[in-house]
Structures are given as C-alpha cells and as structure tokens.
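Student: My questions all concern the structure below.
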Amino acid sequence: MKELSGLDASFLTLETAETPMHNGMMTIFEGAFTFDDFRQLLNARIHRIRSFYERLAETPLGLDKPYWVADPHFDIRHHLRHIELPAPGSWEQLQGIVSNEFADPLDREHPLWEMIYISGLNTLPFAPKGSVALVSKVHHTAADGISGADMMNLLFDETPDFKLPETAPDLPAEDPPGTIGMMVRSGWHVVKFPWHVTKLMKDAATTTVRAAFMAKHLIGKKPTVVLMAPKTPINVQIDERRLWDGMLLSLNRVKAIKNAADAKVNDVVLEISAGALRGYLEEIGGLPDKSMIAMVPISVRPPERREQMGNEISAMFVHLCTDVADPKERMRKIHEETVKEKTFAMALDAHTLMDLDELPPFALAGPAIRLYTLSHLADMMKPVWNCAITNVPGPQQPLYLAGKRLLLLMGLAPVFHGIGLTLVVFSYNGTIGFSPVVAQKAIPDLNLFMKHMCDAAIELDQVALEDGDEEAIVLFSSQDEAGESHRCWHTDAEGKRCHNQVKNGTAYCHVHRDANG
C-alpha cells in the first residue's frame, strides 16, 4: 500500500464530470491481430505495470490523500472494449471515436486505465486495409507523460517475433486496509502537518532566493509568471465535449530546421504551435496584441525511476511570441524564451515545488475546485496560461505488438476550465506527431485549427530551409486524408509511399512526375 503524493492527488481534486484527468495514446498497427489475442497478451503482461492492477483506496470521510492498493477483484474485462468501425473505416470516423471515448471519465472503483481496440480501419493511405488501432487511457494520478510512455513500452516488443502466452502470471496480492488503520494513518498525518509545513516553507524560501539571484545576476531577465497570459477565445469555461485530431511530420525535417536555426527540437515544436495559434485566432478575429503563454511540462524523473508510476514533473512558462508575424523571427525569440525559462527551471528545486502540493489540506481541495467550476470564474478571469504543450520523446526504432508493427503513435492529454487546448507532441521512429486535444467550446472548428497547424509547419519548413530538398515535412494531415496535397503519391514495389514534396499542379514529386504521367 502506497500513499499518493500531493501532486498525484491534485489530479483527483481537479477532476470533475467536465474535466476528466487522464492521459492517453492512440496507436495504429500495420495489419490486424484479433481482440481475443490482444486480451490474452495484455493479461499476461499486466504484472509488469503496477498501476494496471492497483486501485485507489479512499480514506474515511476523505480527510487525507488516497492510497494505491492491489485490486483483489481485478478483472481485465473491466478495462478492455472492442469497437468495430462501419464502412468506410476512415480517419474521420477514428477521430470521432477517439474524441468521444477520451471525454469519458475513468471508473475509480477499478484500476484507473482503459484500452479500446478499434478494428475496421480500411481507408488510411499509410496502413493496410483492415488495420487496427488502440486507444489507451491512464489517469494522470497514475502516470505523467514520460512514465506513461515508458509503461506502454513495457507492453510492446522490439522485434516482430511473437508467441501467444498460454498462461498469465499471478498478480501481487495484499490485504486491503481497514477503516481503523486508515483513520490512524490520517490522524498521524494531521499531527505531523505543522512540522511538514515548516520544512516545506523553508525549502521554498531557499528556492525563491536562488531564483531571484539567477534573475538579477545571471540572466538579467524576469521569468514568465502565471496570470500574465492574455484572454483569448480558447480560454473559456468548458463542458465535457472533446475534439481530437493529429498531424504527422518528418523528424528529419524538424531536426534540419532545428540545426539551421541553431535551436532545439522543442523550439521548432513551439514555433509550429505558435504559428497555428496565430493563424487560427487571426482568422476568427481573436488574436491578442500580447504574446500568448504556454505551459510546457518538464520531466524531473531520474532514469532509475522511469518505469515507476506517478508524477515527477515541473514546468516552464514560455511566451509563444504569437504577436510576431515572421516565422523565423518568431522561432528566434521562442528559442531565447526557452533558454531563459529552462535556466530558471534548473535553478529551482523541482522536487521542492512538487512538495508544495502537500500544503493544501486534501479535504478542502475538492470543494475549492467545485466552487471554481460552479462560479464560472474561467469566463471572467485572465487565464493562468493560454494552453499546454507537452513534447514527449519516444523510441526511434520500430515497436511491435502481437507481431504487428506500430505505424503511428499520437498522444492525448486533459484540458481544464480556462485552458481549452492541450497539444501533445510525440516522436516515434523518424516521425513526430502533433495531436491537439481541445474542448469543443474553446475551439469548435478543429478542422480550421488543423489547417493552420499544417500551414505553419510547411511555412516554417520553406523559410527556414532554403536547400531545395524535395522531402515533405508533412507526412500525414487529416486535412486531405494523410497529406496527399503535400506528399508524392508514388508507391514502390513494397507499397511504401514516397516522402518527397509534390510539384505544383501534380500529385507527384520531381522524381516520379514523368513516370506517372
């Protein structure tokens, strides 16, 4: 039995019917494996991941943070579902399923995860007819982006060699805690609370002094602080409706842009995101005069704890320079911003900041969140920040499940009142996926936003790389069912698609234009 940290427990208090607090992943495989085989395989690997077989144990009267305990009644059937797409089995249909499923909260009576097996994908240009997708949901209490990605890696294989396991190992068992024992633990925490607060405040004061010294003597600039973000149409009170979509870019092209600008991959990610926001808000008449601010999570998880459950994250707050029209200048300024903010983040003791989540009494946090929600303060206040952008580096070699190669991997993450957009960026095997999760009240026309995201990537590629290279940066875009307007239609004898940019007025690149008429 293990008590949740203050940071882990905070995601429980933030959760309401309108704001479920789970992360997720959408994966598409090359070909199909059966639902029964997938269930049997997953059942044999559950023991590798504690958060897949442990559930929450609430303290009496909710006076203290919950505990993780092994679920004595674990049944994988509570966590798996099969959805068959009707014809034609398109990306648009998959979008609808993912959007609707991700909007539903997880059941706290069971371990906080779920997987949906989706079959019948028949019209995706990058995948064979009949391929399958998996949508996973894992509560933020159990895993942040990095640990969630690592947990999923435990389920995948590095080779296509596969043999279906005949039996599943027994799961660890433990006696569930009794009411009296839980009350004693909670009472002891109440007794210790004043001493705990004293230590936390001392550590926080030390961290503040260190940051102030950095600002004055080393950087010469003040860090970005919350509540400085301008109000925009995406920063509103939200409801339970969600929309999701994705775009896939060439990681080689993103790295080439990074090298040409003497920047980082994360700077390119932020610039493309800024370009999309600027274009979208300008078109709907909602672009603010001031720069928008993004919350960018930073993992502080050491390598030896990468596969453990829970959250070990800090954050930096980055001006996206959406008030700058030129993409090259915008990226130069974003790079300056990220260097400054990361320096501050390194100066702060991230674990001290994480421990500050222990200060508010757990029993009071839930009512405070409900008051904030019911009063619709998000419609009246400036946002804490405008959006969240999380960039998770994934494996750069092919992964397999049940012998089938993983073709596409995209992420999902929660949104909240006043912050109606979270953009999840995930790299895998030479690609980098951009997948926004939005509240429908914040961005009702996600297709328009995706158009501007695609345009922003292409514009940056063209102005940053004047190398004449024909490789397309956009490998997949829902705007044209996999980016056909940007990427050559030619396929080789093995059915692999050309990555070159098309020539104007044709469906083919300079190499294959003549051969295909």
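As shown in the structure tokens, the chain order sets the letters A, B, ...; within each chain, residues go from 1, and ligands are also counted from 1 in the order they appear.
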If you count only C-alpha atoms, which residues fall within 6 Å of region 330-332 of chain A, apart from same-chain ones fewer than 4 positions away, as a list of chain:residue names?

Tutor: A:Glu271, A:Cys321, A:Val324, A:Asp326

Student: Can you pull out the residues contacting region 94-101 of chain A? Cut-off 7 Å, using only C-alpha atoms, and skip same-chain residues under 5 positions away; I want them as a ChimeraX atom specification.

Tutor: /A:242-245

Student: Would you output that residue set with C-alpha atoms, as a PDB file, in the first residue's frame?

Tutor:
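As a result, out-v9.pdb now contains:
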ATOM      1  CA  ARG A 242     -13.822  16.966 -26.635  1.00  0.00           C
ATOM      2  CA  LEU A 243     -12.325  17.043 -30.112  1.00  0.00           C
ATOM      3  CA  TRP A 244      -9.090  15.361 -31.190  1.00  0.00           C
ATOM      4  CA  ASP A 245      -7.041  15.215 -34.381  1.00  0.00           C
TER       5      ASP A 245
END

Student: When you look at Arg39 (chain A) with a cut-off of 9 Å (counting only C-alpha atoms), what residues show up, excluding the ones that are within fewer than 5 positions of it in the same chain? I need them as a tab-separated table (two decimals) with C-alpha atoms, in the first residue's frame.

Tutor:
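Dumped everything to selection09.tsv:
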chain	number	residue	atom	x	y	z
A	34	THR	CA	-7.61	-10.36	-33.02
A	44	ALA	CA	-0.03	-11.92	-19.49
A	76	ILE	CA	-9.27	-7.29	-17.27
A	77	ARG	CA	-12.76	-7.31	-18.81
A	80	LEU	CA	-10.97	-3.59	-22.48

Student: Point out the residue among A:Asn122, A:Ser477, A:Gln396, A:Ser375 with the least atom-to-atom distance to Ser435 (chain A), counting only C-alpha atoms.

Tutor: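 Distance minimum relative to Ser435 (chain A) lands on A:Ser477.
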
Student: As a VMD selection string, please: the residues near Asp104 (chain A) (cut-off 10 Å, only C-alpha atoms, same-chain neighbours under 2 positions excluded).

Tutor: chain A and resid 17 to 22 99 to 102 106 to 107 137 240 to 242

Student: What is the CA of Ser51 (chain A)-CA of Phe11 (chain A) distance in Å, reported with one decimal?

Tutor: 15.1 Å

Student: For a test of reading the model, state the distance in Å between CA of Asn386 (chain A) and CA of Ala229 (chain A), rounded to one decimal.

Tutor: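 CA of Ala229 (chain A) lies at a distance of 6.2 Å from CA of Asn386 (chain A).
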
Student: Under the rule that only C-alpha atoms are counted, which of A:Pro233, A:Pro444, A:Pro72, A:Pro393 is the nearest residue to Val265 (chain A)?

Tutor: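 Checking each of A:Pro233, A:Pro444, A:Pro72, A:Pro393 against Val265 (chain A), counting only C-alpha atoms, the winner is A:Pro393.
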
Student: Near Val424 (chain A), within 7 Å and counting only C-alpha atoms, which residues show up once chain neighbours fewer than 6 positions away are dropped, as a list in words?

Tutor: Ile389, Thr390, Asn391, Gly411, Leu412, Ala413, Phe434, Ser435 and Pro436 of chain A

Student: Keeping only C-alpha atoms, write the selected residues as a PDB file, in the first residue's frame.

Tutor:
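As written to disk, selection.pdb reads:
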ATOM      1  CA  ILE A 389       2.212  21.988 -24.993  1.00  0.00           C
ATOM      2  CA  THR A 390       3.906  18.745 -23.999  1.00  0.00           C
ATOM      3  CA  ASN A 391       6.700  17.202 -26.070  1.00  0.00           C
ATOM      4  CA  GLY A 411      -0.865  11.320 -27.581  1.00  0.00           C
ATOM      5  CA  LEU A 412      -3.834  12.687 -25.656  1.00  0.00           C
ATOM      6  CA  ALA A 413      -3.948  14.817 -22.510  1.00  0.00           C
ATOM      7  CA  PHE A 434       1.182  16.718 -33.265  1.00  0.00           C
ATOM      8  CA  SER A 435      -2.184  15.877 -31.703  1.00  0.00           C
ATOM      9  CA  PRO A 436      -4.331  18.602 -30.127  1.00  0.00           C
TER      10      PRO A 436
END

Student: Compare A:Leu164, A:Ala57, A:Ile116, A:Ala274 by their minimum atom-to-atom distance to Gln40 (chain A), counting only C-alpha atoms, and give me the closest one.

Tutor: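 Looking only at the distances to Gln40 (chain A), the closest residue turns out to be A:Leu164.
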
Student: Write out as a PyMOL selection string which residues come within 10 Å of Ile272 (chain A) when counting only C-alpha atoms, dropping same-chain ones fewer than 6 positions away.

Tutor: chain A and resi 266+278+320+327+330-331+434+452-461

Student: Those same residues - C-alpha atoms - I'd like them written as a CSV table (one decimal), in the first residue's frame.

Tutor:
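Result written to again-v1.csv:
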chain,number,residue,atom,x,y,z
A,266,ASN,CA,11.3,21.7,-28.7
A,278,ARG,CA,-1.7,32.9,-34.6
A,320,LEU,CA,4.9,31.8,-27.8
A,327,PRO,CA,8.1,32.5,-38.5
A,330,ARG,CA,9.3,34.1,-34.0
A,331,MET,CA,11.4,31.0,-33.6
A,434,PHE,CA,1.2,16.7,-33.3
A,452,HIS,CA,-3.4,26.4,-39.7
A,453,MET,CA,-1.1,23.9,-38.0
A,454,CYS,CA,-0.3,22.2,-41.3
A,455,ASP,CA,0.2,25.6,-42.9
A,456,ALA,CA,2.5,26.7,-40.1
A,457,ALA,CA,4.7,23.5,-40.5
A,458,ILE,CA,5.0,24.0,-44.2
A,459,GLU,CA,5.7,27.7,-43.9
A,460,LEU,CA,8.5,27.2,-41.4
A,461,ASP,CA,10.0,24.4,-43.5
